[in-house]
$ cat coords-v3.txt   # compact mmCIF, C-alpha atoms and all ligand atoms
# COMPACT_ATOMS: atom_id res chain seq x y z
CA MET A 1220 39.38 -1.48 1.38
CA THR A 1221 36.04 -3.25 1.09
CA THR A 1222 34.05 -2.58 -2.04
CA GLN A 1223 31.15 -0.20 -1.60
CA LYS A 1224 27.74 -1.63 -2.37
CA LEU A 1225 24.56 -0.20 -3.89
CA THR A 1226 21.19 -1.92 -3.69
CA ILE A 1227 18.73 -1.32 -6.50
CA LEU A 1228 15.08 -1.89 -5.70
CA GLN A 1229 12.96 -2.82 -8.70
CA LEU A 1230 9.39 -1.78 -7.97
CA TYR A 1231 6.69 -4.17 -9.26
CA PRO A 1232 8.70 -5.94 -11.98
CA ARG A 1233 5.89 -8.51 -12.40
CA ASP A 1234 3.12 -6.05 -13.25
CA MET A 1235 4.92 -2.85 -14.27
CA ASN A 1236 7.63 -3.69 -16.74
CA ILE A 1237 7.00 -3.16 -20.46
CA TYR A 1238 8.75 -1.85 -23.58
CA GLY A 1239 12.16 -2.80 -22.24
CA ASP A 1240 11.88 -1.16 -18.81
CA TRP A 1241 13.72 -4.11 -17.23
CA GLY A 1242 16.69 -2.90 -19.26
CA ASN A 1243 16.91 0.11 -16.95
CA VAL A 1244 17.82 -2.11 -14.02
CA LEU A 1245 20.32 -4.12 -16.08
CA SER A 1246 21.92 -1.01 -17.43
CA LEU A 1247 22.03 0.78 -14.08
CA SER A 1248 23.55 -2.20 -12.30
CA ARG A 1249 26.21 -2.59 -15.01
CA ARG A 1250 27.00 1.12 -14.85
CA ALA A 1251 27.30 1.02 -11.05
CA ARG A 1252 29.69 -1.97 -11.35
CA GLN A 1253 31.75 -0.02 -13.87
CA HIS A 1254 31.99 2.76 -11.29
CA GLY A 1255 33.38 0.18 -8.87
CA PHE A 1256 30.36 -0.76 -6.75
CA ASP A 1257 29.04 -4.16 -5.79
CA VAL A 1258 25.39 -4.25 -6.81
CA GLU A 1259 22.43 -6.10 -5.35
CA ILE A 1260 19.05 -6.09 -7.10
CA ILE A 1261 15.91 -6.62 -5.05
CA ASP A 1262 12.52 -7.23 -6.69
CA TYR A 1263 9.51 -5.88 -4.87
CA ASN A 1264 6.07 -7.18 -5.89
CA PRO A 1265 2.65 -6.65 -4.26
CA GLY A 1266 2.46 -8.26 -0.81
CA ASP A 1267 6.23 -8.52 -0.32
CA VAL A 1268 7.90 -7.05 2.74
CA PHE A 1269 9.16 -3.65 1.65
CA PRO A 1270 12.89 -3.35 2.39
CA GLU A 1271 13.92 -0.90 5.09
CA GLU A 1272 17.14 -0.08 3.24
CA TYR A 1273 17.90 0.31 -0.45
CA ASP A 1274 19.83 2.89 -2.44
CA ILE A 1275 18.08 3.43 -5.78
CA LEU A 1276 14.48 2.66 -6.77
CA VAL A 1277 13.53 1.89 -10.37
CA GLY A 1278 9.97 1.32 -11.59
CA GLY A 1279 8.52 0.74 -15.03
CA GLY A 1280 5.41 1.13 -17.08
CA GLY A 1281 2.33 -1.03 -17.41
CA GLN A 1282 -1.09 -1.21 -18.93
CA ASP A 1283 -3.99 0.44 -17.12
CA SER A 1284 -4.85 -3.09 -15.84
CA GLY A 1285 -1.36 -3.53 -14.33
CA GLN A 1286 -1.71 -0.17 -12.64
CA THR A 1287 -5.00 -1.32 -11.07
CA VAL A 1288 -3.34 -4.52 -9.77
CA ILE A 1289 -0.57 -2.70 -7.89
CA GLN A 1290 -2.61 0.28 -6.75
CA ASP A 1291 -3.63 -0.94 -3.27
CA ASP A 1292 -0.13 -2.15 -2.52
CA LEU A 1293 1.35 1.12 -3.75
CA HIS A 1294 -0.78 2.99 -1.23
CA ARG A 1295 0.32 0.63 1.52
CA ILE A 1296 3.99 1.49 0.90
CA ALA A 1297 3.38 5.15 -0.07
CA PRO A 1298 4.38 6.66 3.32
CA LYS A 1299 7.75 4.88 3.16
CA LEU A 1300 8.26 5.87 -0.50
CA ARG A 1301 7.53 9.51 0.35
CA GLU A 1302 9.82 9.40 3.37
CA ASP A 1303 12.65 7.87 1.30
CA ALA A 1304 12.17 10.37 -1.54
CA GLU A 1305 12.24 13.27 0.91
CA ALA A 1306 15.42 11.84 2.45
CA GLY A 1307 17.07 12.06 -0.99
CA THR A 1308 16.92 8.46 -2.24
CA PRO A 1309 17.23 8.60 -6.03
CA MET A 1310 14.31 7.07 -7.93
CA LEU A 1311 13.40 6.61 -11.58
CA VAL A 1312 9.80 5.82 -12.48
CA ILE A 1313 8.64 5.32 -16.04
CA CYS A 1314 5.25 5.77 -17.64
CA GLY A 1315 2.63 3.81 -15.64
CA LEU A 1316 4.48 4.32 -12.35
CA TYR A 1317 5.30 7.92 -13.27
CA GLN A 1318 1.54 8.47 -13.58
CA LEU A 1319 0.90 6.84 -10.18
CA PHE A 1320 3.66 8.87 -8.50
CA GLY A 1321 1.47 11.86 -9.36
CA LYS A 1322 -1.76 12.74 -7.61
CA GLU A 1323 -4.32 11.03 -9.82
CA PHE A 1324 -4.70 9.03 -13.02
CA ARG A 1325 -8.21 9.27 -14.45
CA THR A 1326 -8.43 6.49 -17.04
CA VAL A 1327 -10.15 6.85 -20.37
CA GLY A 1328 -12.92 4.62 -18.92
CA GLY A 1329 -13.54 7.24 -16.20
CA GLU A 1330 -11.96 5.27 -13.36
CA SER A 1331 -9.93 7.32 -10.89
CA LEU A 1332 -6.65 5.77 -9.72
CA GLU A 1333 -5.33 7.79 -6.83
CA GLY A 1334 -1.58 8.36 -7.00
CA ILE A 1335 0.86 8.76 -4.13
CA GLY A 1336 1.28 12.47 -4.81
CA LEU A 1337 5.06 12.65 -4.90
CA PHE A 1338 4.75 14.68 -8.07
CA ASN A 1339 2.30 17.55 -8.01
CA ALA A 1340 0.85 16.34 -11.31
CA HIS A 1341 -2.25 14.63 -12.64
CA THR A 1342 -2.93 12.39 -15.63
CA ILE A 1343 -6.02 12.09 -17.78
CA GLY A 1344 -6.51 9.09 -20.08
CA GLY A 1345 -6.78 10.15 -23.72
CA GLU A 1346 -8.36 8.50 -26.78
CA GLN A 1347 -5.16 8.75 -28.79
CA ARG A 1348 -1.95 6.84 -28.15
CA LEU A 1349 1.23 8.87 -28.28
CA ILE A 1350 3.76 6.48 -29.79
CA GLY A 1351 7.22 6.83 -31.22
CA ASN A 1352 10.78 7.94 -30.81
CA ILE A 1353 11.16 11.01 -28.66
CA VAL A 1354 13.99 13.47 -28.02
CA LEU A 1355 14.23 16.00 -25.18
CA GLU A 1356 16.60 18.77 -24.24
CA SER A 1357 17.38 19.17 -20.57
CA GLU A 1358 19.62 21.69 -18.85
CA GLU A 1359 21.13 19.12 -16.52
CA PHE A 1360 21.25 16.04 -18.78
CA GLY A 1361 21.65 17.52 -22.26
CA THR A 1362 19.86 15.62 -25.03
CA ILE A 1363 17.73 12.69 -23.79
CA VAL A 1364 16.62 10.03 -26.25
CA GLY A 1365 13.82 7.48 -25.78
CA TYR A 1366 10.61 5.92 -26.99
CA GLU A 1367 7.11 6.75 -25.76
CA ASN A 1368 3.89 4.75 -25.85
CA HIS A 1369 1.05 6.02 -23.70
CA SER A 1370 -2.44 7.40 -23.88
CA GLY A 1371 -2.42 9.14 -20.51
CA LEU A 1372 -1.82 12.89 -20.68
CA THR A 1373 0.11 14.23 -17.72
CA TYR A 1374 -0.11 17.82 -16.53
CA LEU A 1375 2.37 19.28 -14.05
CA ASP A 1376 0.67 21.48 -11.48
CA GLY A 1377 2.22 24.48 -9.80
CA ASP A 1378 5.91 24.92 -10.49
CA VAL A 1379 6.93 21.26 -10.78
CA GLN A 1380 10.17 20.88 -12.69
CA ARG A 1381 9.98 18.97 -15.98
CA LEU A 1382 12.65 16.45 -16.99
CA GLY A 1383 13.13 18.09 -20.35
CA THR A 1384 11.61 20.00 -23.24
CA VAL A 1385 10.45 17.91 -26.19
CA THR A 1386 12.16 18.61 -29.52
CA LYS A 1387 10.72 15.51 -31.25
CA GLY A 1388 7.62 13.62 -30.09
CA ASP A 1389 4.83 14.46 -27.63
CA GLY A 1390 5.94 13.95 -24.02
CA ASN A 1391 3.68 14.66 -21.07
CA ASN A 1392 0.67 15.81 -23.07
CA LEU A 1393 -0.46 17.41 -26.31
CA ASP A 1394 -0.77 20.93 -24.88
CA ASP A 1395 2.75 21.85 -23.79
CA ASP A 1396 6.29 20.81 -24.72
CA GLY A 1397 7.27 19.38 -21.34
CA GLU A 1398 8.31 15.80 -20.65
CA GLY A 1399 8.64 14.08 -17.30
CA ALA A 1400 8.83 15.53 -13.82
CA ARG A 1401 11.40 15.91 -11.07
CA VAL A 1402 11.23 16.36 -7.32
CA HIS A 1403 13.98 15.75 -4.74
CA HIS A 1404 16.11 13.14 -6.59
CA VAL A 1405 13.08 11.47 -8.14
CA ILE A 1406 12.69 11.43 -11.92
CA GLY A 1407 9.42 10.49 -13.62
CA SER A 1408 9.30 10.09 -17.40
CA TYR A 1409 7.36 8.53 -20.27
CA LEU A 1410 10.56 7.39 -21.95
CA HIS A 1411 10.84 3.65 -22.45
CA GLY A 1412 13.25 2.11 -24.79
CA SER A 1413 14.79 1.45 -22.28
CA LEU A 1414 15.85 4.88 -21.13
CA LEU A 1415 19.12 4.26 -19.27
CA PRO A 1416 21.18 2.30 -21.86
CA LYS A 1417 20.91 5.26 -24.22
CA ASN A 1418 21.23 7.93 -21.53
CA PRO A 1419 24.09 6.96 -19.20
CA VAL A 1420 24.19 10.50 -17.83
CA ILE A 1421 20.90 9.71 -16.04
CA SER A 1422 22.35 6.46 -14.63
CA ASP A 1423 25.29 8.49 -13.36
CA TYR A 1424 22.91 10.98 -11.72
CA LEU A 1425 21.12 8.16 -9.84
CA ILE A 1426 24.39 6.47 -8.86
CA ARG A 1427 26.02 9.73 -7.76
CA HIS A 1428 23.14 10.68 -5.46
CA ALA A 1429 22.93 7.16 -4.05
CA ALA A 1430 26.68 7.05 -3.38
CA GLU A 1431 26.80 10.54 -1.87
CA LYS A 1432 23.85 9.76 0.39
CA LYS A 1433 25.31 6.45 1.57
CA TYR A 1434 29.07 7.05 1.52
CA GLY A 1435 29.36 10.84 1.49
CA GLN A 1436 31.12 10.93 -1.87
CA PHE A 1437 31.16 9.57 -5.41
CA GLN A 1438 34.30 9.02 -7.42
CA PRO A 1439 33.20 8.30 -10.99
CA ALA A 1440 35.23 5.95 -13.17
CA ASP A 1441 36.17 7.02 -16.67
CA ILE A 1442 33.76 4.92 -18.75
CA ASP A 1443 33.94 4.52 -22.53
CA ASP A 1444 30.56 5.72 -23.84
CA THR A 1445 31.13 4.96 -27.54
CA LEU A 1446 28.30 2.41 -27.73
CA PRO A 1447 25.58 4.40 -25.94
CA THR A 1448 26.58 7.46 -27.97
CA ARG A 1449 26.11 5.47 -31.17
CA ALA A 1450 22.77 4.06 -29.95
CA ARG A 1451 21.56 7.57 -29.08
CA GLY A 1452 22.50 8.83 -32.52
CA VAL A 1453 20.66 6.01 -34.30
CA ALA A 1454 17.53 6.35 -32.12
CA ALA A 1455 17.43 10.13 -32.47
CA SER A 1456 17.76 9.96 -36.25
CA ARG A 1457 14.92 7.46 -36.67
CA PRO A 1458 11.61 8.81 -37.96
CA ARG A 1459 9.01 9.35 -35.30
N1 LIG B 1501 -1.53 2.79 -19.17
C1 LIG B 1501 -0.83 4.00 -19.26
C2 LIG B 1501 -1.10 4.80 -20.53
O1 LIG B 1501 -1.28 4.25 -21.62
C3 LIG B 1501 0.63 3.69 -19.11
C4 LIG B 1501 1.24 3.03 -20.32
C5 LIG B 1501 2.67 2.65 -20.14
O2 LIG B 1501 3.14 2.48 -19.01
N2 LIG B 1501 3.35 2.48 -21.22
O3 LIG B 1501 -1.12 5.99 -20.43
$ encode --input "coords-v3.txt" --output "structure tokens"
Amino acid sequence: MTTQKLTILQLYPRDMNIYGDWGNVLSLSRRARQHGFDVEIIDYNPGDVFPEEYDILVGGGGQDSGQTVIQDDLHRIAPKLREDAEAGTPMLVICGLYQLFGKEFRTVGGESLEGIGLFNAHTIGGEQRLIGNIVLESEEFGTIVGYENHSGLTYLDGDVQRLGTVTKGDGNNLDDDGEGARVHHVIGSYLHGSLLPKNPVISDYLIRHAAEKKYGQFQPADIDDTLPTRARGVAASRPR
């Protein structure tokens, strides 16, 4: 039997990739290999030809300036991203790209960066940076551990599902206890750190949906999670 293959598309690694976000792609690809898949990683940067086919999209954070650099290109590929998201392609977008997957990011300088509107959410630049270790509780994923560093305050509009409820840290904003957003199989979150090495259950979610979409089924391997469990414990016990 030929080995099944998953292709991970890394969105804007040149401009949107800080606080260890690249680790998400490394961790996800290793996890997919442990589940028995061949893995290909494709980098997509502004001006590149956007691939017709890929199985999981991962995007990271960036400074406001990085977000400005990729903005035009993001709008060029937005119809394809929306189409793929609606078709069930799993995606994980962190911080700066999470903000731009919403409807609008109004920077602290008053500039309006239009988002692609996958999340019914908007972000307003704040004066204060929200920095530190963060812990969430989520019905589907249990306890999620990460690190946040942002000044944008994100508000979910309508009945958009949050990723989790903050038990330590700030999350989306300073007014409610929500963190992140979900639609279709797309997850947006402020959690750097990187997120996936400490939260393999989220890697498994992305891999499962990619495999089911492409091959009709996912047979998970039994993976020893001693190390990520230890890393989660240490990170969660650190002071904010
Ligand atoms: N520039 C955005 C903010 O500070 C995003 C930061 C990030 O991606 N870490 O809100």
$ axis_aligned_box --input "coords-v3.txt" --around "ligand LIG 1501 (chain B)" --padding-each-side "4 Å" --output "lines of an AutoDock Vina configuration file"
center_x = 0.9
center_y = 4.2
center_z = -20.3
size_x = 12.9
size_y = 11.5
size_z = 10.6
$ residues_near_ligand --input "coords-v3.txt" --ligand "ligand LIG 1501 (chain B)" --cutoff "8 Å" --atoms "only C-alpha atoms and all ligand atoms" --output "list of chain:residue names"
A:Met1235, A:Asn1236, A:Ile1237, A:Tyr1238, A:Gly1279, A:Gly1280, A:Gly1281, A:Gln1282, A:Asp1283, A:Ser1284, A:Gly1285, A:Gln1286, A:Ile1313, A:Cys1314, A:Gly1315, A:Leu1316, A:Gln1318, A:Gly1344, A:Gly1345, A:Arg1348, A:Glu1367, A:Asn1368, A:His1369, A:Ser1370, A:Gly1371, A:Leu1372, A:Tyr1409, A:His1411
$ closest_residue --input "coords-v3.txt" --among "A:Ala1251, A:Lys1322, A:Phe1256, A:Val1312" --to "Thr1221 of chain A" --atoms "only C-alpha atoms"
A:Phe1256
$ closest_residue --input "coords-v3.txt" --among "A:Lys1417, A:His1403, A:Arg1301, A:Arg1381" --to "Ala1450 of chain A" --atoms "only C-alpha atoms"
A:Lys1417
$ closest_residue --input "coords-v3.txt" --among "A:Gly1255, A:Pro1419, A:Gly1377, A:Gly1329" --to "Thr1445 of chain A" --atoms "only C-alpha atoms"
A:Pro1419
$ atom_distance --input "coords-v3.txt" --atom1 "atom CA of Pro1458 of chain A" --atom2 "atom CA of Arg1401 of chain A"
27.8 Å
$ residues_around --input "coords-v3.txt" --residues "Asn1264 of chain A" --least-positions-apart "2" --cutoff "10 Å" --atoms "only C-alpha atoms" --output "mmCIF file with C-alpha atoms, keeping the file's coordinate frame"
data_model
loop_
_atom_site.group_PDB
_atom_site.id
_atom_site.type_symbol
_atom_site.label_atom_id
_atom_site.label_comp_id
_atom_site.auth_asym_id
_atom_site.auth_seq_id
_atom_site.Cartn_x
_atom_site.Cartn_y
_atom_site.Cartn_z
ATOM 1 C CA GLN A 1229 12.960 -2.820 -8.700
ATOM 2 C CA LEU A 1230 9.390 -1.780 -7.970
ATOM 3 C CA TYR A 1231 6.690 -4.170 -9.260
ATOM 4 C CA PRO A 1232 8.700 -5.940 -11.980
ATOM 5 C CA ARG A 1233 5.890 -8.510 -12.400
ATOM 6 C CA ASP A 1234 3.120 -6.050 -13.250
ATOM 7 C CA MET A 1235 4.920 -2.850 -14.270
ATOM 8 C CA ILE A 1261 15.910 -6.620 -5.050
ATOM 9 C CA ASP A 1262 12.520 -7.230 -6.690
ATOM 10 C CA GLY A 1266 2.460 -8.260 -0.810
ATOM 11 C CA ASP A 1267 6.230 -8.520 -0.320
ATOM 12 C CA VAL A 1268 7.900 -7.050 2.740
ATOM 13 C CA PHE A 1269 9.160 -3.650 1.650
ATOM 14 C CA ILE A 1289 -0.570 -2.700 -7.890
ATOM 15 C CA ASP A 1292 -0.130 -2.150 -2.520
ATOM 16 C CA LEU A 1293 1.350 1.120 -3.750
#
$ closest_residue --input "coords-v3.txt" --among "A:Gln1290, A:Gln1253, A:Thr1308, A:Thr1384" --to "Glu1272 of chain A" --atoms "only C-alpha atoms"
A:Thr1308
$ residues_near_point --input "coords-v3.txt" --point "(14.8, 14.6, 0.6)" --cutoff "12 Å" --atoms "all atoms listed in the file" --output "number ranges by chain"
A: 1300-1310, 1337, 1402-1405, 1428-1429, 1432
$ closest_residue --input "coords-v3.txt" --among "A:Arg1249, A:His1294, A:Arg1427, A:Lys1299" --to "Pro1439 of chain A" --atoms "only C-alpha atoms"
A:Arg1427
$ atom_distance --input "coords-v3.txt" --atom1 "atom CA of Val1385 of chain A" --atom2 "atom CA of Pro1416 of chain A"
19.4 Å
$ decode --input "coords-v3.txt" --residues "segment 1352-1370 of chain A" --atoms "N, CA and C atoms" --output "mmCIF file, in the first residue's frame"
data_model
loop_
_atom_site.group_PDB
_atom_site.id
_atom_site.type_symbol
_atom_site.label_atom_id
_atom_site.label_comp_id
_atom_site.auth_asym_id
_atom_site.auth_seq_id
_atom_site.Cartn_x
_atom_site.Cartn_y
_atom_site.Cartn_z
ATOM 1 N N ASN A 1352 2.109 34.165 29.517
ATOM 2 C CA ASN A 1352 1.569 32.803 29.402
ATOM 3 C C ASN A 1352 0.056 32.847 29.525
ATOM 4 N N ILE A 1353 -0.578 31.969 28.799
ATOM 5 C CA ILE A 1353 -2.053 31.984 28.767
ATOM 6 C C ILE A 1353 -2.574 30.547 28.757
ATOM 7 N N VAL A 1354 -3.661 30.336 29.464
ATOM 8 C CA VAL A 1354 -4.273 28.998 29.547
ATOM 9 C C VAL A 1354 -5.766 29.139 29.244
ATOM 10 N N LEU A 1355 -6.263 28.233 28.430
ATOM 11 C CA LEU A 1355 -7.694 28.231 28.058
ATOM 12 C C LEU A 1355 -8.316 26.894 28.417
ATOM 13 N N GLU A 1356 -9.609 26.902 28.573
ATOM 14 C CA GLU A 1356 -10.366 25.648 28.642
ATOM 15 C C GLU A 1356 -11.270 25.594 27.422
ATOM 16 N N SER A 1357 -11.285 24.437 26.769
ATOM 17 C CA SER A 1357 -12.125 24.295 25.585
ATOM 18 C C SER A 1357 -12.847 22.957 25.668
ATOM 19 N N GLU A 1358 -14.124 22.969 25.271
ATOM 20 C CA GLU A 1358 -14.900 21.731 25.348
ATOM 21 C C GLU A 1358 -14.264 20.632 24.505
ATOM 22 N N GLU A 1359 -13.855 21.004 23.294
ATOM 23 C CA GLU A 1359 -13.342 19.980 22.373
ATOM 24 C C GLU A 1359 -11.893 19.594 22.647
ATOM 25 N N PHE A 1360 -11.060 20.575 23.055
ATOM 26 C CA PHE A 1360 -9.619 20.317 23.162
ATOM 27 C C PHE A 1360 -9.124 20.218 24.602
ATOM 28 N N GLY A 1361 -9.977 20.423 25.567
ATOM 29 C CA GLY A 1361 -9.531 20.406 26.962
ATOM 30 C C GLY A 1361 -8.743 21.667 27.283
ATOM 31 N N THR A 1362 -7.683 21.513 28.088
ATOM 32 C CA THR A 1362 -6.863 22.669 28.464
ATOM 33 C C THR A 1362 -5.867 22.980 27.345
ATOM 34 N N ILE A 1363 -5.831 24.240 26.928
ATOM 35 C CA ILE A 1363 -4.905 24.685 25.874
ATOM 36 C C ILE A 1363 -3.927 25.671 26.501
ATOM 37 N N VAL A 1364 -2.628 25.444 26.233
ATOM 38 C CA VAL A 1364 -1.592 26.267 26.867
ATOM 39 C C VAL A 1364 -0.802 27.009 25.805
ATOM 40 N N GLY A 1365 -0.526 28.295 26.022
ATOM 41 C CA GLY A 1365 0.264 29.049 25.046
ATOM 42 C C GLY A 1365 0.826 30.325 25.629
ATOM 43 N N TYR A 1366 1.229 31.208 24.726
ATOM 44 C CA TYR A 1366 1.860 32.470 25.102
ATOM 45 C C TYR A 1366 1.304 33.537 24.177
ATOM 46 N N GLU A 1367 0.844 34.654 24.745
ATOM 47 C CA GLU A 1367 0.273 35.707 23.893
ATOM 48 C C GLU A 1367 1.132 36.964 23.933
ATOM 49 N N ASN A 1368 1.125 37.694 22.829
ATOM 50 C CA ASN A 1368 1.820 38.978 22.758
ATOM 51 C C ASN A 1368 1.191 39.796 21.644
ATOM 52 N N HIS A 1369 0.241 40.614 22.001
ATOM 53 C CA HIS A 1369 -0.478 41.403 20.985
ATOM 54 C C HIS A 1369 -1.040 42.662 21.621
ATOM 55 N N SER A 1370 -1.311 43.644 20.771
ATOM 56 C CA SER A 1370 -2.000 44.824 21.282
ATOM 57 C C SER A 1370 -3.403 44.925 20.675
#
